[in-house]
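Asker: Below you'll find my_file.tsv; it's TSV, C-alpha atoms and all ligand atoms.
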chain	number	residue	atom	x	y	z
A	1	MET	CA	0.00	0.00	0.00
A	2	PHE	CA	1.36	3.45	-0.94
A	3	LYS	CA	1.74	5.73	2.09
A	4	THR	CA	0.70	9.38	1.55
A	5	PRO	CA	3.80	11.53	2.05
A	6	LYS	CA	3.58	14.76	4.07
A	7	LYS	CA	5.11	17.01	1.45
A	8	PRO	CA	4.61	15.12	-1.79
A	9	VAL	CA	6.85	15.70	-4.79
A	10	ILE	CA	4.97	15.63	-8.09
A	11	LEU	CA	6.34	15.10	-11.58
A	12	ALA	CA	3.79	16.59	-14.00
A	13	ILE	CA	3.57	15.91	-17.73
A	14	GLU	CA	1.51	17.78	-20.36
A	15	SER	CA	1.11	16.84	-24.04
A	16	SER	CA	-2.54	17.57	-24.90
A	17	CYS	CA	-1.93	19.78	-27.94
A	18	ASP	CA	1.30	21.24	-29.33
A	19	GLU	CA	3.42	21.78	-26.23
A	20	THR	CA	5.49	19.00	-24.67
A	21	ALA	CA	5.99	19.99	-21.03
A	22	ALA	CA	7.19	18.60	-17.71
A	23	ALA	CA	7.51	20.14	-14.25
A	24	VAL	CA	8.50	19.09	-10.75
A	25	LEU	CA	6.65	20.57	-7.76
A	26	THR	CA	6.60	20.02	-4.03
A	27	VAL	CA	3.32	20.51	-2.23
A	28	ASP	CA	2.98	21.82	1.28
A	29	SER	CA	-0.22	22.63	3.14
A	30	ILE	CA	-0.47	26.03	4.81
A	31	ASN	CA	-3.62	26.68	6.87
A	32	ASN	CA	-5.09	23.62	5.20
A	33	PHE	CA	-4.60	25.12	1.74
A	34	PRO	CA	-2.18	23.58	-0.82
A	35	LYS	CA	0.94	25.60	-1.41
A	36	ALA	CA	2.97	24.30	-4.33
A	37	VAL	CA	6.58	25.22	-4.95
A	38	THR	CA	7.79	24.71	-8.50
A	39	LEU	CA	11.27	23.21	-8.63
A	40	SER	CA	11.46	23.09	-12.42
A	41	SER	CA	9.28	23.68	-15.46
A	42	VAL	CA	10.25	22.85	-19.03
A	43	VAL	CA	8.08	23.62	-22.08
A	44	ARG	CA	9.05	22.65	-25.60
A	45	SER	CA	6.73	24.42	-28.02
A	46	GLN	CA	5.97	23.13	-31.51
A	47	ILE	CA	4.85	26.53	-32.81
A	48	LYS	CA	7.54	26.68	-35.52
A	49	LEU	CA	6.56	23.23	-36.74
A	50	HIS	CA	2.87	24.08	-37.13
A	51	SER	CA	3.09	27.72	-38.21
A	52	ASN	CA	4.09	26.66	-41.74
A	53	MET	CA	0.85	24.66	-41.93
A	54	GLY	CA	-1.38	27.37	-40.45
A	55	GLY	CA	-2.49	25.27	-37.47
A	56	VAL	CA	-1.80	22.14	-35.42
A	57	VAL	CA	-1.62	18.93	-37.48
A	58	PRO	CA	-2.38	16.12	-34.94
A	59	GLU	CA	-0.13	13.47	-36.53
A	60	VAL	CA	2.80	15.92	-36.74
A	61	ALA	CA	2.19	17.05	-33.15
A	62	ALA	CA	2.18	13.45	-31.87
A	63	ARG	CA	5.46	12.63	-33.62
A	64	ALA	CA	7.07	15.72	-32.13
A	65	HIS	CA	5.79	14.74	-28.64
A	66	VAL	CA	7.35	11.28	-29.06
A	67	LYS	CA	10.67	12.90	-29.96
A	68	ASN	CA	10.56	15.53	-27.20
A	69	ILE	CA	9.03	13.83	-24.20
A	70	LEU	CA	12.08	11.96	-22.93
A	71	PRO	CA	14.48	14.95	-23.10
A	72	VAL	CA	11.83	17.28	-21.64
A	73	VAL	CA	11.03	15.01	-18.65
A	74	SER	CA	14.68	14.27	-18.09
A	75	LYS	CA	15.53	18.00	-18.16
A	76	ALA	CA	12.73	18.79	-15.68
A	77	LEU	CA	14.03	16.13	-13.26
A	78	SER	CA	17.64	17.25	-13.49
A	79	ALA	CA	16.78	20.98	-13.27
A	80	ALA	CA	14.83	20.19	-10.09
A	81	GLY	CA	17.80	18.20	-8.75
A	82	CYS	CA	15.32	15.43	-8.19
A	83	PRO	CA	16.00	11.83	-9.28
A	84	LEU	CA	12.97	9.69	-10.12
A	85	GLU	CA	13.25	7.84	-6.77
A	86	LYS	CA	12.36	11.09	-4.98
A	87	ILE	CA	9.14	11.60	-6.95
A	88	ASP	CA	5.97	10.55	-5.12
A	89	TYR	CA	3.37	10.95	-7.89
A	90	ILE	CA	3.36	11.18	-11.67
A	91	ALA	CA	0.64	13.61	-12.78
A	92	VAL	CA	-0.33	13.61	-16.43
A	93	THR	CA	-2.90	15.37	-18.60
A	94	ALA	CA	-5.50	12.72	-19.46
A	95	GLY	CA	-7.72	15.03	-21.56
A	96	PRO	CA	-9.33	16.89	-23.17
A	97	GLY	CA	-7.13	17.40	-26.21
A	98	LEU	CA	-5.91	15.78	-29.40
A	99	ILE	CA	-5.90	12.03	-28.89
A	100	PRO	CA	-2.63	11.36	-30.79
A	101	SER	CA	-0.93	13.98	-28.59
A	102	LEU	CA	-2.58	12.90	-25.32
A	103	ILE	CA	-1.63	9.25	-25.63
A	104	VAL	CA	2.07	10.10	-25.88
A	105	GLY	CA	2.07	11.80	-22.45
A	106	VAL	CA	-0.30	9.30	-20.86
A	107	GLU	CA	1.52	6.19	-22.06
A	108	PHE	CA	4.88	7.72	-21.16
A	109	ALA	CA	3.62	8.45	-17.63
A	110	LYS	CA	2.29	4.89	-17.34
A	111	ALA	CA	5.63	3.44	-18.46
A	112	MET	CA	7.41	5.59	-15.86
A	113	SER	CA	4.95	4.39	-13.25
A	114	LEU	CA	5.55	0.75	-14.17
A	115	ALA	CA	9.31	1.24	-13.98
A	116	SER	CA	9.33	3.25	-10.75
A	117	GLY	CA	6.32	1.96	-8.82
A	118	LYS	CA	5.03	5.56	-8.36
A	119	PRO	CA	1.26	5.98	-8.78
A	120	VAL	CA	-0.33	8.18	-11.45
A	121	ILE	CA	-2.63	11.19	-11.04
A	122	PRO	CA	-4.60	11.69	-14.28
A	123	VAL	CA	-5.40	15.41	-14.59
A	124	ASN	CA	-8.10	17.23	-16.53
A	125	HIS	CA	-6.28	19.84	-18.64
A	126	LEU	CA	-9.08	22.34	-17.94
A	127	GLU	CA	-8.54	21.92	-14.18
A	128	GLY	CA	-4.91	22.76	-14.95
A	129	HIS	CA	-6.00	26.11	-16.39
A	130	LEU	CA	-8.60	26.59	-13.63
A	131	TYR	CA	-5.99	26.21	-10.86
A	132	SER	CA	-3.17	28.00	-12.71
A	133	PRO	CA	-3.80	31.37	-10.97
A	134	PHE	CA	-3.56	29.70	-7.53
A	135	GLY	CA	0.16	28.88	-7.65
A	136	ARG	CA	1.53	32.16	-6.37
A	137	LEU	CA	-1.19	32.99	-3.81
A	138	SER	CA	-0.64	33.03	-0.08
A	139	ALA	CA	-2.98	30.94	2.08
A	140	SER	CA	-4.55	34.07	3.62
A	141	GLU	CA	-5.21	35.55	0.15
A	142	SER	CA	-6.67	32.25	-0.99
A	143	LYS	CA	-9.16	31.96	1.86
A	144	LYS	CA	-10.67	35.36	1.08
A	145	MET	CA	-11.29	34.82	-2.62
A	146	PHE	CA	-14.30	32.47	-2.57
A	147	PRO	CA	-16.87	32.32	-4.01
A	148	MET	CA	-14.91	32.98	-7.21
A	149	VAL	CA	-16.08	33.24	-10.80
A	150	SER	CA	-13.43	31.76	-13.11
A	151	LEU	CA	-13.22	32.36	-16.82
A	152	ILE	CA	-11.19	29.80	-18.77
A	153	VAL	CA	-10.38	30.98	-22.30
A	154	SER	CA	-8.15	28.76	-24.41
A	155	GLY	CA	-7.74	27.55	-27.96
A	156	GLY	CA	-10.26	24.77	-27.43
A	157	HIS	CA	-12.54	26.04	-24.64
A	158	THR	CA	-14.40	29.03	-23.26
A	159	ILE	CA	-15.92	28.12	-19.91
A	160	LEU	CA	-17.34	30.14	-17.05
A	161	VAL	CA	-17.05	28.38	-13.69
A	162	LEU	CA	-18.34	29.15	-10.21
A	163	MET	CA	-15.87	28.01	-7.54
A	164	GLN	CA	-17.60	27.80	-4.17
A	165	ASN	CA	-14.24	26.99	-2.62
A	166	GLU	CA	-10.95	25.41	-3.70
A	167	LYS	CA	-12.54	21.95	-3.70
A	168	LYS	CA	-15.98	22.58	-5.15
A	169	TYR	CA	-16.97	24.17	-8.43
A	170	ARG	CA	-19.60	23.98	-11.13
A	171	VAL	CA	-19.77	25.06	-14.77
A	172	LEU	CA	-22.09	28.03	-15.37
A	173	GLY	CA	-21.78	28.13	-19.15
A	174	GLN	CA	-19.52	27.60	-22.13
A	175	THR	CA	-19.21	28.28	-25.83
A	176	VAL	CA	-21.81	26.69	-28.05
A	177	ASP	CA	-19.46	26.72	-31.06
A	178	ASP	CA	-15.92	28.13	-31.46
A	179	ALA	CA	-13.71	28.82	-28.45
A	180	ALA	CA	-12.40	32.37	-27.95
A	181	GLY	CA	-8.82	31.38	-28.84
A	182	GLU	CA	-10.03	29.48	-31.88
A	183	ALA	CA	-11.86	32.62	-33.07
A	184	PHE	CA	-8.67	34.69	-32.58
A	185	ASP	CA	-6.73	32.11	-34.60
A	186	LYS	CA	-9.33	31.96	-37.39
A	187	VAL	CA	-9.55	35.75	-37.70
A	188	ALA	CA	-5.75	35.89	-37.83
A	189	LYS	CA	-5.81	33.34	-40.65
A	190	LEU	CA	-8.37	35.45	-42.58
A	191	LEU	CA	-5.92	38.36	-42.26
A	192	GLY	CA	-2.96	36.24	-43.37
A	193	LEU	CA	-1.27	36.42	-39.96
A	194	PRO	CA	0.94	33.52	-38.78
A	195	TYR	CA	-0.18	30.77	-36.38
A	196	PRO	CA	-0.93	31.05	-33.47
A	197	GLY	CA	-2.92	34.13	-34.38
A	198	GLY	CA	-4.12	35.24	-30.93
A	199	PRO	CA	-0.95	37.06	-29.89
A	200	GLU	CA	-0.63	38.60	-33.40
A	201	VAL	CA	-4.21	39.93	-33.34
A	202	GLY	CA	-3.61	41.37	-29.84
A	203	ARG	CA	-0.38	43.03	-30.96
A	204	LEU	CA	-1.85	44.56	-34.15
A	205	ALA	CA	-4.96	45.80	-32.28
A	206	GLN	CA	-2.74	48.10	-30.22
A	207	SER	CA	-1.90	50.25	-33.25
A	208	SER	CA	-5.52	50.73	-34.41
A	209	ARG	CA	-6.91	54.26	-34.66
A	210	ARG	CA	-10.45	53.40	-35.84
A	211	PRO	CA	-11.57	49.97	-34.58
A	212	ALA	CA	-14.15	48.32	-36.85
A	213	ASP	CA	-17.60	47.70	-35.40
A	214	PHE	CA	-18.57	44.05	-34.91
A	215	PRO	CA	-21.55	42.36	-33.22
A	216	ARG	CA	-21.41	41.16	-29.58
A	217	PRO	CA	-22.84	37.61	-29.87
A	218	MET	CA	-25.02	36.37	-26.99
A	219	LEU	CA	-24.17	39.45	-24.91
A	220	LYS	CA	-27.76	39.79	-23.79
A	221	SER	CA	-28.68	36.10	-23.52
A	222	LYS	CA	-29.82	35.23	-20.00
A	223	ASP	CA	-27.52	32.21	-19.72
A	224	TYR	CA	-23.73	32.12	-19.35
A	225	ASN	CA	-23.03	30.56	-22.74
A	226	PHE	CA	-20.94	32.13	-25.48
A	227	SER	CA	-20.77	31.97	-29.27
A	228	PHE	CA	-17.89	33.17	-31.44
A	229	ALA	CA	-18.45	31.45	-34.81
A	230	GLY	CA	-20.79	34.22	-36.06
A	231	LEU	CA	-18.30	36.90	-35.08
A	232	LYS	CA	-15.63	35.24	-37.19
A	233	THR	CA	-18.11	35.18	-40.12
A	234	ALA	CA	-18.84	38.88	-39.53
A	235	VAL	CA	-15.10	39.56	-39.92
A	236	LEU	CA	-15.10	37.52	-43.15
A	237	TYR	CA	-17.97	39.60	-44.62
A	238	PHE	CA	-16.39	42.85	-43.40
A	239	LEU	CA	-13.17	41.95	-45.23
A	240	ARG	CA	-15.14	41.15	-48.40
A	241	ASP	CA	-16.98	44.49	-48.23
A	242	HIS	CA	-14.01	46.61	-47.08
A	243	PRO	CA	-10.94	45.19	-48.84
A	244	GLN	CA	-8.95	48.37	-48.07
A	245	ALA	CA	-9.60	48.23	-44.32
A	246	GLU	CA	-6.54	48.33	-42.05
A	247	SER	CA	-5.79	44.95	-40.43
A	248	SER	CA	-5.14	46.74	-37.14
A	249	ASP	CA	-8.70	48.21	-37.15
A	250	ILE	CA	-10.20	44.78	-37.84
A	251	CYS	CA	-8.10	43.19	-35.07
A	252	ALA	CA	-9.05	45.93	-32.59
A	253	GLY	CA	-12.77	45.75	-33.46
A	254	PHE	CA	-12.85	41.96	-33.25
A	255	GLN	CA	-10.86	41.90	-29.99
A	256	GLN	CA	-13.13	44.55	-28.46
A	257	ALA	CA	-16.23	42.50	-29.33
A	258	VAL	CA	-14.75	39.34	-27.74
A	259	VAL	CA	-13.54	41.20	-24.65
A	260	ASP	CA	-16.92	42.95	-24.20
A	261	VAL	CA	-18.86	39.69	-24.26
A	262	LEU	CA	-16.41	37.80	-22.01
A	263	ALA	CA	-16.06	40.61	-19.48
A	264	THR	CA	-19.76	41.52	-19.35
A	265	LYS	CA	-20.91	37.95	-18.75
A	266	THR	CA	-18.15	37.24	-16.23
A	267	MET	CA	-19.03	40.34	-14.20
A	268	ARG	CA	-22.75	39.55	-14.44
A	269	ALA	CA	-22.07	36.07	-13.03
A	270	ALA	CA	-19.89	37.56	-10.28
A	271	LYS	CA	-22.76	39.81	-9.25
A	272	GLU	CA	-25.44	37.11	-9.43
A	273	PHE	CA	-23.45	34.64	-7.34
A	274	GLY	CA	-22.04	37.14	-4.86
A	275	ALA	CA	-18.43	36.37	-5.88
A	276	LYS	CA	-15.56	37.88	-3.91
A	277	SER	CA	-13.17	37.49	-6.80
A	278	VAL	CA	-12.77	36.74	-10.48
A	279	SER	CA	-10.06	34.65	-12.07
A	280	LEU	CA	-8.92	34.45	-15.68
A	281	SER	CA	-6.92	31.60	-17.21
A	282	GLY	CA	-6.07	29.77	-20.45
A	283	GLY	CA	-4.02	30.91	-23.44
A	284	VAL	CA	-6.26	33.91	-24.20
A	285	SER	CA	-5.68	35.21	-20.65
A	286	ALA	CA	-2.38	36.54	-22.06
A	287	ASN	CA	-4.46	39.05	-24.03
A	288	VAL	CA	-3.66	42.47	-22.60
A	289	ALA	CA	-7.04	44.06	-23.44
A	290	LEU	CA	-8.97	41.23	-21.78
A	291	ARG	CA	-6.76	41.22	-18.67
A	292	LYS	CA	-6.88	45.01	-18.27
A	293	THR	CA	-10.66	45.18	-18.80
A	294	LEU	CA	-11.44	42.49	-16.23
A	295	GLN	CA	-8.91	43.93	-13.79
A	296	LYS	CA	-10.49	47.38	-14.09
A	297	LEU	CA	-14.07	46.10	-13.73
A	298	CYS	CA	-13.06	44.06	-10.67
A	299	LYS	CA	-11.45	47.13	-9.12
A	300	ILE	CA	-14.64	49.15	-9.65
A	301	SER	CA	-16.74	46.34	-8.11
A	302	ARG	CA	-14.19	45.83	-5.29
A	303	LEU	CA	-13.53	42.23	-6.27
A	304	GLY	CA	-10.22	40.41	-6.19
A	305	PHE	CA	-8.73	39.62	-9.59
A	306	PHE	CA	-6.43	36.67	-10.22
A	307	ALA	CA	-4.68	35.54	-13.39
A	308	PRO	CA	-1.68	33.28	-13.95
A	309	PRO	CA	1.70	34.93	-14.44
A	310	THR	CA	3.13	35.04	-17.96
A	311	GLY	CA	4.44	31.58	-18.73
A	312	LEU	CA	1.49	29.91	-17.06
A	313	THR	CA	-1.15	31.25	-19.46
A	314	THR	CA	-0.52	28.93	-22.40
A	315	ASP	CA	-0.10	25.18	-21.94
A	316	ASN	CA	2.55	24.05	-19.44
A	317	ALA	CA	3.07	21.24	-16.96
A	318	GLU	CA	3.32	23.42	-13.85
A	319	MET	CA	-0.44	23.98	-13.95
A	320	ILE	CA	-0.99	20.21	-14.31
A	321	GLY	CA	1.09	19.65	-11.16
A	322	LEU	CA	-0.88	22.38	-9.41
A	323	ALA	CA	-4.21	20.77	-10.36
A	324	ALA	CA	-2.83	17.44	-9.09
A	325	ALA	CA	-1.98	19.14	-5.77
A	326	PHE	CA	-5.59	20.29	-5.45
A	327	LEU	CA	-6.83	16.77	-6.32
A	328	LEU	CA	-4.71	15.40	-3.45
A	329	HIS	CA	-6.17	18.14	-1.24
A	330	LYS	CA	-9.63	16.76	-2.16
A	331	SER	CA	-8.43	13.35	-0.89
A	332	TYR	CA	-8.13	11.96	-4.42
A	333	LYS	CA	-6.52	8.52	-4.45
A	334	PRO	CA	-3.72	8.30	-7.08
A	335	LYS	CA	-4.14	5.42	-9.49
A	336	HIS	CA	-2.32	2.30	-10.53
A	337	TYR	CA	-1.11	2.88	-14.12
A	338	ALA	CA	-3.37	0.15	-15.48
A	339	GLY	CA	-6.46	2.22	-14.67
A	340	VAL	CA	-5.30	5.36	-16.48
A	341	LYS	CA	-6.37	6.22	-20.00
A	342	ALA	CA	-6.44	9.26	-22.28
A	343	ASP	CA	-9.88	10.78	-22.91
A	344	PRO	CA	-9.99	13.43	-25.67
A	345	ASN	CA	-13.48	14.54	-24.60
A	346	LEU	CA	-12.94	14.83	-20.85
A	347	GLN	CA	-15.28	17.49	-19.41
A	348	LEU	CA	-15.11	19.77	-16.38
A	349	LYS	CA	-17.62	18.40	-13.89
B	401	LIG	O1	-4.41	27.32	-23.33
B	401	LIG	P1	-3.76	27.22	-24.64
B	401	LIG	O2	-2.25	27.28	-24.70
B	401	LIG	O3	-4.12	25.90	-25.39
B	401	LIG	C1	-5.36	25.27	-25.26
B	401	LIG	O4	-5.60	24.62	-24.21
B	401	LIG	O5	-6.14	25.41	-26.22
B	401	LIG	O6	-4.37	28.38	-25.55
B	401	LIG	C2	-3.93	28.64	-26.85
B	401	LIG	C3	-4.80	29.75	-27.43
B	401	LIG	C4	-4.55	29.97	-28.92
B	401	LIG	O7	-5.79	30.02	-29.57
B	401	LIG	C5	-3.84	31.31	-28.97
B	401	LIG	O8	-4.06	32.03	-30.16
B	401	LIG	C6	-4.45	32.02	-27.77
B	401	LIG	O9	-4.51	31.01	-26.77
B	401	LIG	N1	-3.65	33.15	-27.30
B	401	LIG	C7	-4.06	34.44	-27.36
B	401	LIG	C8	-2.98	35.23	-26.87
B	401	LIG	N2	-1.96	34.38	-26.53
B	401	LIG	C9	-2.39	33.12	-26.81
B	401	LIG	N3	-5.23	34.98	-27.76
B	401	LIG	C10	-5.35	36.31	-27.70
B	401	LIG	N4	-4.37	37.14	-27.25
B	401	LIG	C11	-3.18	36.64	-26.84
B	401	LIG	N5	-2.22	37.46	-26.41
B	402	ZN	ZN	-4.73	24.65	-22.60
Could you express the structure from this file as structure tokens?

Answerer:
Amino acid sequence: MFKTPKKPVILAIESSCDETAAAVLTVDSINNFPKAVTLSSVVRSQIKLHSNMGGVVPEVAARAHVKNILPVVSKALSAAGCPLEKIDYIAVTAGPGLIPSLIVGVEFAKAMSLASGKPVIPVNHLEGHLYSPFGRLSASESKKMFPMVSLIVSGGHTILVLMQNEKKYRVLGQTVDDAAGEAFDKVAKLLGLPYPGGPEVGRLAQSSRRPADFPRPMLKSKDYNFSFAGLKTAVLYFLRDHPQAESSDICAGFQQAVVDVLATKTMRAAKEFGAKSVSLSGGVSANVALRKTLQKLCKISRLGFFAPPTGLTTDNAEMIGLAAAFLLHKSYKPKHYAGVKADPNLQLK
């Protein structure tokens, strides 16, 4: 029987899309709240590989994961000064994501578990994003932030979550079609910008003098769902009708529409559920306009605002280790490798 260590050391592995990542964390508990210390974090991005093809090609991504995973994990262990014997748990992203990518990380983690006898903690990638702002918080800060409304905005998901406390949460709404990041990437493609388009659109928007006017989809709907596919089509028609329009004005107008919808619905949820704070995570949380808008609205409403530091916004393994720490805090029992399997459609429950 595996004995639960007091200050567990976690090796975390992430390979759900186009980043191969590994991290080593130790987890302490301060005032009964997990406090993780990151000993190492290594991310090998495949952006260069996919930018020539205008997006992630699953087969190409999986092959790159196979090539990168051993050096990345080995580098994370050595940078942490932590041999495999000192690891207590192997956390790995089990889903959601691209199945050819996911299985590389999952099967690698299982092989490590078989060889070392360390149990596995399968982690939901979305919980990784959800807990990513918690890494640098003090226990006293953490206790005061619930209930919290959390907005997860990534390339594959746009989800609004109500966290009653660090253990309990429920989904309030999500996108009914494209994710926010996906819409950024598609608009960038329409404008001939390189992949991934989100950061490019954000950068170009800053130099706009006359932002184009685009619709705010589902802004007034009573639920907490989102829709961004129609907005992308509106950009397509705008480009057809205004071929001379400045790309910066299109980027700024599109970004403003996305930010308006995301921020308005997040703040409405915060008010309805009496939230004490708002958190923002996922790749799109790197967007300056979105961050600044939510930060400002939270200040006006006297709510706390939390977002992951740069480096923890897009996919990484540190956030997977952090989510594993919170699973342990919820008394989750780590698994024997035989019971672990990748699930591309894993949901937030
Ligand atoms: O969380 P993430 O790394 O991967 C998924 O789990 O999907 O998010 C990637 C997404 C991409 O769509 C990318 O374009 C977007 O995050 N993104 C941004 C910015 N940085 C990354 N979108 C808007 N503004 C940014 N600065
Ligand atoms: Zn992600």

Asker: Could you pull the residues within 6 Å of segment 276-292 of chain A, counting all atoms listed in the file, minus those fewer than 5 positions along the same chain, as a list in words?

Answerer: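 Counting only the stated atoms, we get His129, Met145, Phe146, Pro147, Met148, Val149, Ser150, Leu151, Ile152, Val153, Ser154, Gly181, Val259, Leu303, Gly304, Phe305, Phe306, Ala307, Thr313 and Thr314 of chain A.
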
Asker: Grab the residues selected above and save them as a PDB file, keeping the file's coordinate frame with C-alpha atoms.

Answerer:
ATOM      1  CA  HIS A 129      -6.000  26.110 -16.390  1.00  0.00           C
ATOM      2  CA  MET A 145     -11.290  34.820  -2.620  1.00  0.00           C
ATOM      3  CA  PHE A 146     -14.300  32.470  -2.570  1.00  0.00           C
ATOM      4  CA  PRO A 147     -16.870  32.320  -4.010  1.00  0.00           C
ATOM      5  CA  MET A 148     -14.910  32.980  -7.210  1.00  0.00           C
ATOM      6  CA  VAL A 149     -16.080  33.240 -10.800  1.00  0.00           C
ATOM      7  CA  SER A 150     -13.430  31.760 -13.110  1.00  0.00           C
ATOM      8  CA  LEU A 151     -13.220  32.360 -16.820  1.00  0.00           C
ATOM      9  CA  ILE A 152     -11.190  29.800 -18.770  1.00  0.00           C
ATOM     10  CA  VAL A 153     -10.380  30.980 -22.300  1.00  0.00           C
ATOM     11  CA  SER A 154      -8.150  28.760 -24.410  1.00  0.00           C
ATOM     12  CA  GLY A 181      -8.820  31.380 -28.840  1.00  0.00           C
ATOM     13  CA  VAL A 259     -13.540  41.200 -24.650  1.00  0.00           C
ATOM     14  CA  LEU A 303     -13.530  42.230  -6.270  1.00  0.00           C
ATOM     15  CA  GLY A 304     -10.220  40.410  -6.190  1.00  0.00           C
ATOM     16  CA  PHE A 305      -8.730  39.620  -9.590  1.00  0.00           C
ATOM     17  CA  PHE A 306      -6.430  36.670 -10.220  1.00  0.00           C
ATOM     18  CA  ALA A 307      -4.680  35.540 -13.390  1.00  0.00           C
ATOM     19  CA  THR A 313      -1.150  31.250 -19.460  1.00  0.00           C
ATOM     20  CA  THR A 314      -0.520  28.930 -22.400  1.00  0.00           C
TER      21      THR A 314
END

Asker: Step by step, measure atom-to-atom distances between ligand ZN 402 (chain B) and each residue using all atoms listed in the file, keep those at most 12 Å, then write them as a ChimeraX atom specification.

Answerer: /A:14-21,93,95-98,124-132,152-158,179,181-182,281-285,312-320

Asker: Just how far from atom CA of Val92 of chain A is atom CA of Ile13 of chain A, in Å to one decimal?

Answerer: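 Here the two named atoms are 4.7 Å from each other.
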
Asker: Tell me, in Å to one decimal, how far atom CA of Leu236 of chain A is from atom CA of Val187 of chain A.

Answerer: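 Value for the atom CA of Leu236 of chain A-atom CA of Val187 of chain A distance: 8.0 Å.
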
Asker: Near Pro122 of chain A, counting only C-alpha atoms, which residues have an atom at most 10 Å away, once you skip same-chain residues fewer than 5 positions from it, shown as a list in words?

Answerer: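 In the requested form, the answer reads Ala12, Ile13, Ile90, Ala91, Val92, Thr93, Ala94, Gly95, Val106, Ala109, Ile320, Ala323, Ala324, Leu327, Pro334, Lys335, Tyr337, Gly339, Val340, Lys341 and Ala342 of chain A.
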
Asker: Smallest atom-to-atom distance to ligand LIG 401 (chain B): which of A:Tyr89, A:Phe184, A:Phe134, A:Phe214, using all atoms listed in the file?

Answerer: A:Phe184

Asker: What is the atom CA of Ile121 of chain A to atom C2 of ligand LIG 401 (chain B) distance in Å?

Answerer: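 We find that atom CA of Ile121 of chain A and atom C2 of ligand LIG 401 (chain B) lie 23.6 Å from each other.
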
Asker: Which residue out of A:Val57, A:Gly321, A:Ala76, A:Leu70 has the minimum interatomic distance to Ile99 of chain A when all atoms listed in the file are used?

Answerer: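 Smallest separation from Ile99 of chain A among the options: A:Val57.
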
Asker: Which residues are close to Leu77 of chain A, i.e. within 10 Å by all atoms listed in the file, leaving aside same-chain residues fewer than 4 positions away? Reply as a list of chain:residue names.

Answerer: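 Counting only the stated atoms, we get A:Leu11, A:Ala22, A:Ala23, A:Val24, A:Leu39, A:Ser40, A:Ser41, A:Val42, A:Pro71, A:Val72, A:Val73, A:Gly81, A:Cys82, A:Pro83, A:Leu84, A:Lys86, A:Ile87.
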
Asker: Could you check which of A:Arg209, A:Lys7, A:Lys299, A:Lys349 is closest to Leu328 of chain A, using only C-alpha atoms?

Answerer: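 Using only C-alpha atoms, the shortest distance to Leu328 of chain A belongs to A:Lys7.
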
Asker: Fewer than 3 positions away in the same chain doesn't count, so skip those; otherwise give me all residues within 9 Å of Leu49 of chain A, counting all atoms listed in the file, as a list in words.

Answerer: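 My reading of the contact set: Ser45, Gln46, Asn52, Met53, Val56, Val60, Ala61 and Ala64 of chain A.
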
Asker: Find the residue from A:Leu193, A:Val171, A:Ala212, A:Ala62 that sits nearest to ligand LIG 401 (chain B); use only C-alpha atoms and all ligand atoms when measuring.

Answerer: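 Closest to ligand LIG 401 (chain B) of all the choices is A:Leu193.
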
Asker: Kindly indicate which residue among A:Thr233, A:Asn225, A:Ser331, A:Gln206 lies nearest to ligand LIG 401 (chain B), using all atoms listed in the file for the distances.

Answerer: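 Of A:Thr233, A:Asn225, A:Ser331, A:Gln206, the one nearest ligand LIG 401 (chain B), counting all atoms listed in the file, is A:Gln206.
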
Asker: Here is a test: counting all atoms listed in the file, which residue of A:Gln347, A:Ser138, A:Ser247, A:Gln255 is nearest to ligand LIG 401 (chain B)?

Answerer: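 With all atoms listed in the file as the atom set, the closest residue is A:Gln255.
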
Asker: Using only C-alpha atoms, determine which residues lie at most 9 Å from Arg136 of chain A, disregarding the query and same-chain residues fewer than 3 positions distant; provide the list as a PyMOL selection string.

Answerer: chain A and resi 35-37+132-133+308-309

Asker: Could you write out that same residue set with C-alpha atoms as a compact mmCIF listing (two decimals), in the frame of the given file?

Answerer:
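So result17.txt came out as:
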# COMPACT_ATOMS: atom_id res chain seq x y z
CA LYS A 35 0.94 25.60 -1.41
CA ALA A 36 2.97 24.30 -4.33
CA VAL A 37 6.58 25.22 -4.95
CA SER A 132 -3.17 28.00 -12.71
CA PRO A 133 -3.80 31.37 -10.97
CA PRO A 308 -1.68 33.28 -13.95
CA PRO A 309 1.70 34.93 -14.44
